[in-house]
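One file, entry.cif, is given below (mmCIF, C-alpha atoms).
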data_upload
#
loop_
_atom_site.group_PDB
_atom_site.id
_atom_site.type_symbol
_atom_site.label_atom_id
_atom_site.label_comp_id
_atom_site.auth_asym_id
_atom_site.auth_seq_id
_atom_site.Cartn_x
_atom_site.Cartn_y
_atom_site.Cartn_z
ATOM 1 C CA MET A 1 62.448 -1.180 -46.740
ATOM 2 C CA THR A 2 63.681 1.121 -43.954
ATOM 3 C CA MET A 3 62.184 1.170 -40.459
ATOM 4 C CA LYS A 4 60.641 4.601 -41.205
ATOM 5 C CA THR A 5 59.057 3.248 -44.386
ATOM 6 C CA LYS A 6 57.675 0.216 -42.499
ATOM 7 C CA ILE A 7 56.091 2.440 -39.860
ATOM 8 C CA THR A 8 54.603 4.765 -42.485
ATOM 9 C CA PHE A 9 53.196 1.815 -44.449
ATOM 10 C CA SER A 10 51.688 0.317 -41.298
ATOM 11 C CA VAL A 11 50.008 3.613 -40.399
ATOM 12 C CA LEU A 12 48.582 3.961 -43.917
ATOM 13 C CA LEU A 13 47.317 0.363 -43.855
ATOM 14 C CA LEU A 14 45.671 0.829 -40.445
ATOM 15 C CA SER A 15 44.056 4.060 -41.613
ATOM 16 C CA ALA A 16 42.683 2.322 -44.686
ATOM 17 C CA LEU A 17 41.220 -0.479 -42.579
ATOM 18 C CA LEU A 18 39.595 1.948 -40.153
ATOM 19 C CA LEU A 19 38.206 4.006 -43.011
ATOM 20 C CA GLY A 20 36.819 0.909 -44.685
ATOM 21 C CA SER A 21 35.202 -0.313 -41.481
ATOM 22 C CA SER A 22 33.533 3.058 -40.944
ATOM 23 C CA CYS A 23 31.799 2.949 -44.321
ATOM 24 C CA GLN A 24 28.352 1.463 -44.128
ATOM 25 C CA THR A 25 27.717 -1.353 -46.545
ATOM 26 C CA HIS A 26 24.149 -2.260 -47.380
ATOM 27 C CA TYR A 27 23.134 -5.864 -47.835
ATOM 28 C CA GLU A 28 19.652 -7.189 -48.404
ATOM 29 C CA VAL A 29 18.450 -10.766 -48.270
ATOM 30 C CA ALA A 30 17.445 -11.655 -51.796
ATOM 31 C CA SER A 31 15.899 -15.022 -50.976
ATOM 32 C CA VAL A 32 15.818 -17.821 -48.420
ATOM 33 C CA LEU A 33 15.962 -21.447 -49.418
ATOM 34 C CA ARG A 34 15.470 -24.335 -47.036
ATOM 35 C CA SER A 35 14.982 -28.064 -47.111
ATOM 36 C CA ARG A 36 14.072 -30.674 -44.540
ATOM 37 C CA ILE A 37 16.267 -33.722 -44.057
ATOM 38 C CA LEU A 38 14.431 -36.427 -42.169
ATOM 39 C CA VAL A 39 16.840 -38.428 -40.021
ATOM 40 C CA ASP A 40 15.253 -41.731 -39.051
ATOM 41 C CA SER A 41 15.915 -45.473 -38.985
ATOM 42 C CA ARG A 42 16.511 -45.540 -42.739
ATOM 43 C CA TYR A 43 19.970 -44.151 -42.086
ATOM 44 C CA ASP A 44 20.804 -47.133 -39.886
ATOM 45 C CA GLY A 45 20.754 -49.454 -42.892
ATOM 46 C CA GLN A 46 23.790 -47.885 -44.547
ATOM 47 C CA PRO A 47 25.817 -46.062 -41.902
ATOM 48 C CA ASP A 48 28.810 -44.014 -42.950
ATOM 49 C CA GLN A 49 31.710 -46.224 -41.889
ATOM 50 C CA LYS A 50 34.216 -43.374 -41.651
ATOM 51 C CA ALA A 51 31.864 -41.338 -39.478
ATOM 52 C CA ALA A 52 31.081 -44.369 -37.304
ATOM 53 C CA GLU A 53 34.781 -45.082 -36.815
ATOM 54 C CA PHE A 54 35.478 -41.458 -35.947
ATOM 55 C CA LEU A 55 32.643 -41.394 -33.385
ATOM 56 C CA LYS A 56 33.412 -44.806 -31.885
ATOM 57 C CA PRO A 57 35.653 -43.677 -28.969
ATOM 58 C CA PHE A 58 33.241 -40.858 -28.109
ATOM 59 C CA LYS A 59 30.265 -43.222 -28.270
ATOM 60 C CA GLN A 60 31.947 -45.598 -25.858
ATOM 61 C CA GLN A 61 32.467 -42.799 -23.361
ATOM 62 C CA VAL A 62 28.906 -41.542 -23.685
ATOM 63 C CA ASP A 63 27.443 -45.060 -23.432
ATOM 64 C CA SER A 64 29.473 -45.751 -20.283
ATOM 65 C CA VAL A 65 27.746 -42.795 -18.606
ATOM 66 C CA MET A 66 24.281 -42.927 -20.154
ATOM 67 C CA GLY A 67 23.872 -46.671 -20.582
ATOM 68 C CA PRO A 68 23.748 -48.119 -17.035
ATOM 69 C CA VAL A 69 20.285 -49.352 -16.057
ATOM 70 C CA VAL A 70 18.980 -47.718 -12.874
ATOM 71 C CA GLY A 71 15.645 -49.545 -12.648
ATOM 72 C CA ARG A 72 12.573 -50.698 -14.506
ATOM 73 C CA SER A 73 9.313 -49.019 -15.453
ATOM 74 C CA SER A 74 6.067 -50.998 -15.459
ATOM 75 C CA HIS A 75 4.745 -49.167 -18.518
ATOM 76 C CA TYR A 76 5.313 -46.232 -20.841
ATOM 77 C CA MET A 77 4.596 -42.946 -19.036
ATOM 78 C CA LYS A 78 4.269 -39.317 -20.048
ATOM 79 C CA ALA A 79 3.572 -35.948 -18.488
ATOM 80 C CA GLN A 80 0.389 -34.250 -19.638
ATOM 81 C CA ARG A 81 -2.366 -31.918 -18.546
ATOM 82 C CA PRO A 82 -4.549 -32.058 -16.625
ATOM 83 C CA GLU A 83 -2.844 -35.160 -15.202
ATOM 84 C CA GLY A 84 -0.237 -37.618 -16.403
ATOM 85 C CA ASP A 85 1.252 -40.763 -14.935
ATOM 86 C CA LEU A 86 4.815 -39.441 -15.338
ATOM 87 C CA SER A 87 4.042 -36.002 -13.897
ATOM 88 C CA ASN A 88 2.306 -37.735 -10.975
ATOM 89 C CA LEU A 89 5.374 -39.919 -10.473
ATOM 90 C CA LEU A 90 7.817 -37.017 -10.420
ATOM 91 C CA ALA A 91 5.777 -35.091 -7.845
ATOM 92 C CA ASP A 92 5.564 -38.240 -5.707
ATOM 93 C CA ILE A 93 9.328 -38.776 -5.974
ATOM 94 C CA LEU A 94 9.951 -35.288 -4.541
ATOM 95 C CA VAL A 95 7.748 -36.199 -1.558
ATOM 96 C CA TRP A 96 9.532 -39.566 -1.227
ATOM 97 C CA ALA A 97 12.929 -37.842 -1.129
ATOM 98 C CA ALA A 98 11.872 -35.344 1.545
ATOM 99 C CA LYS A 99 12.878 -37.651 4.390
ATOM 100 C CA ASP A 100 16.525 -37.265 3.357
ATOM 101 C CA TYR A 101 16.195 -33.538 4.097
ATOM 102 C CA ASN A 102 14.373 -33.967 7.424
ATOM 103 C CA GLU A 103 11.222 -32.671 5.740
ATOM 104 C CA ASN A 104 7.619 -33.882 5.815
ATOM 105 C CA PRO A 105 5.786 -31.936 3.094
ATOM 106 C CA ASP A 106 2.021 -31.860 2.756
ATOM 107 C CA PHE A 107 2.242 -32.021 -1.035
ATOM 108 C CA GLY A 108 4.626 -32.012 -3.972
ATOM 109 C CA LEU A 109 4.592 -30.011 -7.199
ATOM 110 C CA TYR A 110 6.518 -30.709 -10.419
ATOM 111 C CA ASN A 111 5.894 -28.410 -13.362
ATOM 112 C CA MET A 112 5.174 -29.699 -16.872
ATOM 113 C CA GLY A 113 7.818 -27.441 -18.380
ATOM 114 C CA GLY A 114 10.488 -29.264 -16.394
ATOM 115 C CA VAL A 115 9.639 -32.633 -17.974
ATOM 116 C CA ARG A 116 11.329 -32.951 -21.379
ATOM 117 C CA ALA A 117 10.834 -36.602 -22.353
ATOM 118 C CA ASP A 118 8.614 -39.610 -21.747
ATOM 119 C CA LEU A 119 9.568 -42.621 -19.649
ATOM 120 C CA PRO A 120 10.026 -45.879 -21.576
ATOM 121 C CA LYS A 121 8.637 -49.216 -20.495
ATOM 122 C CA GLY A 122 11.106 -51.770 -19.158
ATOM 123 C CA ASN A 123 14.733 -50.989 -18.421
ATOM 124 C CA VAL A 124 15.375 -47.340 -17.584
ATOM 125 C CA THR A 125 18.897 -45.963 -18.003
ATOM 126 C CA TYR A 126 20.565 -42.908 -16.565
ATOM 127 C CA GLY A 127 20.317 -41.436 -20.059
ATOM 128 C CA ASP A 128 16.527 -41.876 -19.995
ATOM 129 C CA VAL A 129 16.336 -39.958 -16.706
ATOM 130 C CA LEU A 130 18.622 -37.244 -18.072
ATOM 131 C CA ASP A 131 16.284 -36.857 -21.068
ATOM 132 C CA ILE A 132 13.359 -36.367 -18.681
ATOM 133 C CA ALA A 133 15.156 -33.930 -16.356
ATOM 134 C CA PRO A 134 17.963 -32.259 -18.337
ATOM 135 C CA PHE A 135 18.034 -29.019 -16.366
ATOM 136 C CA GLU A 136 19.924 -28.069 -13.197
ATOM 137 C CA ASN A 137 16.720 -27.965 -11.136
ATOM 138 C CA LYS A 138 17.135 -28.959 -7.502
ATOM 139 C CA ILE A 139 14.676 -30.134 -4.884
ATOM 140 C CA SER A 140 13.432 -27.422 -2.545
ATOM 141 C CA PHE A 141 10.933 -26.897 0.258
ATOM 142 C CA GLY A 142 8.851 -23.961 1.395
ATOM 143 C CA THR A 143 5.870 -22.974 3.526
ATOM 144 C CA LEU A 144 2.666 -21.289 2.373
ATOM 145 C CA THR A 145 -0.513 -20.419 4.222
ATOM 146 C CA GLY A 146 -3.680 -22.174 3.124
ATOM 147 C CA ALA A 147 -4.818 -18.934 1.479
ATOM 148 C CA GLU A 148 -1.577 -18.860 -0.504
ATOM 149 C CA VAL A 149 -1.941 -22.540 -1.417
ATOM 150 C CA LEU A 150 -5.396 -21.802 -2.801
ATOM 151 C CA GLU A 151 -3.880 -18.936 -4.787
ATOM 152 C CA LEU A 152 -1.257 -21.353 -6.124
ATOM 153 C CA PHE A 153 -3.916 -23.911 -7.011
ATOM 154 C CA ARG A 154 -5.929 -21.250 -8.837
ATOM 155 C CA GLN A 155 -2.822 -20.496 -10.891
ATOM 156 C CA ILE A 156 -2.357 -24.212 -11.597
ATOM 157 C CA ALA A 157 -6.008 -24.395 -12.654
ATOM 158 C CA SER A 158 -5.529 -21.468 -15.038
ATOM 159 C CA VAL A 159 -2.838 -23.384 -16.985
ATOM 160 C CA GLY A 160 -4.831 -26.624 -16.968
ATOM 161 C CA GLY A 161 -2.875 -28.596 -14.359
ATOM 162 C CA GLU A 162 0.646 -29.466 -13.207
ATOM 163 C CA GLY A 163 2.283 -32.499 -11.664
ATOM 164 C CA LEU A 164 0.852 -32.884 -8.158
ATOM 165 C CA SER A 165 1.534 -35.514 -5.513
ATOM 166 C CA SER A 166 -0.977 -38.131 -4.389
ATOM 167 C CA SER A 167 -2.164 -36.050 -1.413
ATOM 168 C CA VAL A 168 -3.834 -33.497 -3.701
ATOM 169 C CA ARG A 169 -7.255 -33.591 -5.328
ATOM 170 C CA MET A 170 -8.266 -30.675 -7.534
ATOM 171 C CA VAL A 171 -11.290 -29.923 -9.711
ATOM 172 C CA ILE A 172 -11.049 -27.341 -12.515
ATOM 173 C CA LYS A 173 -14.009 -25.844 -14.346
ATOM 174 C CA ASN A 174 -13.733 -23.297 -17.171
ATOM 175 C CA GLY A 175 -10.079 -22.719 -16.312
ATOM 176 C CA LYS A 176 -10.877 -21.876 -12.703
ATOM 177 C CA LEU A 177 -10.376 -23.780 -9.462
ATOM 178 C CA GLU A 178 -13.668 -25.250 -8.329
ATOM 179 C CA SER A 179 -12.409 -27.268 -5.345
ATOM 180 C CA ALA A 180 -9.225 -28.657 -3.822
ATOM 181 C CA THR A 181 -8.204 -30.833 -0.900
ATOM 182 C CA ILE A 182 -4.937 -31.963 0.674
ATOM 183 C CA ASN A 183 -4.862 -35.357 2.367
ATOM 184 C CA GLY A 184 -8.636 -35.549 1.959
ATOM 185 C CA GLU A 185 -9.296 -32.350 3.895
ATOM 186 C CA ALA A 186 -10.439 -28.912 2.813
ATOM 187 C CA ILE A 187 -7.617 -26.388 2.731
ATOM 188 C CA ASP A 188 -7.640 -24.141 5.808
ATOM 189 C CA PRO A 189 -6.726 -20.571 4.740
ATOM 190 C CA ALA A 190 -5.123 -19.863 8.145
ATOM 191 C CA LYS A 191 -3.066 -23.067 8.365
ATOM 192 C CA ASN A 192 0.543 -23.422 7.193
ATOM 193 C CA TYR A 193 1.340 -26.043 4.554
ATOM 194 C CA ARG A 194 4.765 -27.391 3.660
ATOM 195 C CA LEU A 195 5.442 -28.186 0.015
ATOM 196 C CA THR A 196 8.271 -29.650 -2.022
ATOM 197 C CA THR A 197 9.022 -28.557 -5.561
ATOM 198 C CA ILE A 198 12.028 -27.492 -7.672
ATOM 199 C CA ASP A 199 14.042 -24.371 -6.942
ATOM 200 C CA TYR A 200 13.314 -22.954 -10.406
ATOM 201 C CA LEU A 201 9.670 -22.437 -9.450
ATOM 202 C CA LEU A 202 10.395 -20.541 -6.243
ATOM 203 C CA GLY A 203 10.881 -17.428 -8.331
ATOM 204 C CA GLY A 204 7.243 -17.558 -9.421
ATOM 205 C CA THR A 205 8.061 -18.852 -12.896
ATOM 206 C CA ASP A 206 5.695 -20.778 -15.207
ATOM 207 C CA LYS A 207 2.850 -18.505 -14.068
ATOM 208 C CA LEU A 208 3.023 -19.924 -10.523
ATOM 209 C CA GLU A 209 3.642 -16.561 -8.878
ATOM 210 C CA ALA A 210 2.233 -17.627 -5.513
ATOM 211 C CA LEU A 211 5.431 -19.611 -4.933
ATOM 212 C CA LYS A 212 7.310 -16.317 -4.517
ATOM 213 C CA LYS A 213 5.542 -16.080 -1.148
ATOM 214 C CA CYS A 214 7.209 -19.237 0.199
ATOM 215 C CA ARG A 215 8.837 -18.857 3.619
ATOM 216 C CA ASN A 216 11.267 -21.003 5.596
ATOM 217 C CA ILE A 217 12.837 -22.113 2.327
ATOM 218 C CA ASN A 218 15.136 -25.117 2.300
ATOM 219 C CA ALA A 219 16.847 -25.183 -1.098
ATOM 220 C CA PRO A 220 20.229 -26.988 -1.007
ATOM 221 C CA LYS A 221 22.542 -25.916 -3.803
ATOM 222 C CA GLU A 222 24.859 -28.923 -4.130
ATOM 223 C CA ASP A 223 24.732 -30.790 -7.441
ATOM 224 C CA SER A 224 23.701 -33.983 -5.635
ATOM 225 C CA ASN A 225 20.300 -32.374 -5.009
ATOM 226 C CA ASN A 226 19.536 -32.142 -8.732
ATOM 227 C CA THR A 227 16.184 -33.727 -9.507
ATOM 228 C CA ARG A 228 17.745 -36.148 -12.010
ATOM 229 C CA TYR A 229 19.848 -37.699 -9.245
ATOM 230 C CA ILE A 230 16.851 -37.889 -6.940
ATOM 231 C CA ILE A 231 14.860 -39.637 -9.664
ATOM 232 C CA VAL A 232 17.747 -42.068 -10.217
ATOM 233 C CA ASN A 233 17.913 -42.727 -6.463
ATOM 234 C CA TYR A 234 14.221 -43.607 -6.443
ATOM 235 C CA PHE A 235 14.582 -46.025 -9.343
ATOM 236 C CA ARG A 236 17.571 -47.694 -7.689
ATOM 237 C CA TYR A 237 15.661 -47.934 -4.405
ATOM 238 C CA MET A 238 12.766 -49.657 -6.147
ATOM 239 C CA GLN A 239 15.180 -51.938 -8.003
ATOM 240 C CA LYS A 240 16.708 -53.075 -4.699
ATOM 241 C CA GLN A 241 13.184 -53.871 -3.514
ATOM 242 C CA GLY A 242 12.714 -56.008 -6.617
ATOM 243 C CA LYS A 243 9.939 -53.697 -7.822
ATOM 244 C CA GLU A 244 9.163 -51.897 -11.050
ATOM 245 C CA VAL A 245 8.375 -48.198 -10.870
ATOM 246 C CA ASP A 246 4.663 -47.631 -11.389
ATOM 247 C CA SER A 247 2.340 -44.648 -11.520
ATOM 248 C CA LYS A 248 -1.243 -44.125 -12.642
ATOM 249 C CA ILE A 249 -3.683 -41.390 -13.550
ATOM 250 C CA GLU A 250 -6.037 -41.455 -10.572
ATOM 251 C CA GLY A 251 -8.088 -38.270 -10.549
ATOM 252 C CA ARG A 252 -5.658 -35.932 -8.825
ATOM 253 C CA VAL A 253 -6.650 -33.185 -11.257
ATOM 254 C CA ILE A 254 -10.075 -33.321 -12.906
ATOM 255 C CA VAL A 255 -11.346 -30.903 -15.504
ATOM 256 C CA LYS A 256 -15.121 -30.627 -15.775
#
Could you express the structure from this file as structure tokens?
Amino acid sequence: MTMKTKITFSVLLLSALLLGSSCQTHYEVASVLRSRILVDSRYDGQPDQKAAEFLKPFKQQVDSVMGPVVGRSSHYMKAQRPEGDLSNLLADILVWAAKDYNENPDFGLYNMGGVRADLPKGNVTYGDVLDIAPFENKISFGTLTGAEVLELFRQIASVGGEGLSSSVRMVIKNGKLESATINGEAIDPAKNYRLTTIDYLLGGTDKLEALKKCRNINAPKEDSNNTRYIIVNYFRYMQKQGKEVDSKIEGRVIVK
């Protein structure tokens, strides 16, 4: 085949491909079939040895990262509305960590959508914390007036509650805020209040649009400020004190 013939053949082939791609082909879904495969402990009885051997080096690497124990939990905890022991704990941890940022917030807020797993009783590993806080959310601080805090609390009431720190008491009736206090005092509309939360919420997400009004924002961007690391730091702090991490439902948010 001569060079001229090769070029001519290539041009004809390219033209055919372009022509074919320009033609519209019509496909219709004739049917959809599906089945559910339940993967549970029954599969542990007869593991696939070849698969286990293949995964072994990867499992060792994952276990070395996820397996270390960072502390102990006094009981099984979960986040729930209107109030949960785990959601209470996470809001309190944000307040606890504030000292490391030269902050002294009046209250803490951790949204339910940011909590993706429950906390087991007993030993808690880094992997357990990662399950709870898998996102790249970072601790942040902002200032709202009392009027804006009441607006925020009305938004929290409308969704049935969020994780709030121990300084807050809120009563919800028919999806509306009936009353709220911070540190046992009525909220002064003209006073400024400092809060700690996660940076994700500062954009007014999860229907908490009042947070877009935050001023004097302190939101460090370094990875070390990720909430999962802050949670781990709290567990390790408690472990050094010889204490288990504990949290209770105590009437921070009441629905009438």
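Among the candidates A:Asn192, A:Ser166, A:Asn111, A:Thr143, the one nearest to Asp206 (chain A) when counting only C-alpha atoms is A:Asn111.
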What are the nearest atom pairs, with distances in Å to one decimal, for all residues of region 100-127 of chain A that come at most 12 Å from region 218-242 of chain A, using all atoms listed in the file, set out by chain and rising residue number as CSV?
residue,atom,partner,partner_atom,distance
A:Asp100,CA,A:Ile230,CA,10.3
A:Tyr101,CA,A:Asn218,CA,8.7
A:Asn102,CA,A:Asn218,CA,10.3
A:Glu103,CA,A:Asn218,CA,9.2
A:Pro105,CA,A:Asn218,CA,11.6
A:Tyr110,CA,A:Thr227,CA,10.2
A:Gly114,CA,A:Thr227,CA,10.0
A:Val115,CA,A:Arg228,CA,10.7
A:Arg116,CA,A:Arg228,CA,11.8
A:Leu119,CA,A:Ile231,CA,11.7
A:Gly122,CA,A:Gln239,CA,11.9
A:Asn123,CA,A:Phe235,CA,10.3
A:Val124,CA,A:Phe235,CA,8.4
A:Thr125,CA,A:Val232,CA,8.8
A:Tyr126,CA,A:Val232,CA,7.0
A:Gly127,CA,A:Arg228,CA,10.0
Point to revise | Length of the CA of Met170 (chain A) to CA of Arg252 (chain A) vector [Å] | key: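 Taking CA of Met170 (chain A) as the start and CA of Arg252 (chain A) as the end point, the length is 6.0 Å.
Atom pair CA of Lys121 (chain A) / CA of Gln80 (chain A) has a distance of 17.1 Å (rounded to one decimal).
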Exercise for review: Evaluate the PyMOL selection byres ((chain A and resi 151) around 12) on the structure here and hand back the selected residues as a list in words.
Suggested key: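 That selection, the PyMOL selection byres ((chain A and resi 151) around 12), comes back as Leu144, Thr145, Gly146, Ala147, Glu148, Val149, Leu150, Leu152, Phe153, Arg154, Gln155, Ile156, Ala157, Ser158, Lys176, Leu177, Ser179, Ala180, Ile187, Pro189, Lys207, Leu208, Glu209, Ala210, Leu211, Lys212 and Lys213 of chain A.
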Check your understanding: Could you state the separation of CA of Ile139 (chain A) and CA of Val253 (chain A) in Å, given to one decimal place?
Key ->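 Separation of CA of Ile139 (chain A) and CA of Val253 (chain A): 22.5 Å.
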Check your understanding: Of the candidates A:Phe141, A:Phe107, A:Tyr200, A:Phe58, which one gets nearest to Asn183 (chain A) if we count all atoms listed in the file?
Key -> A:Phe107
Review point. Which residues fall under the PyMOL selection byres ((chain A and resi 247) around 8) in this file, as a ChimeraX atom specification?
Key: /A:85-86,88-89,245-246,248-249
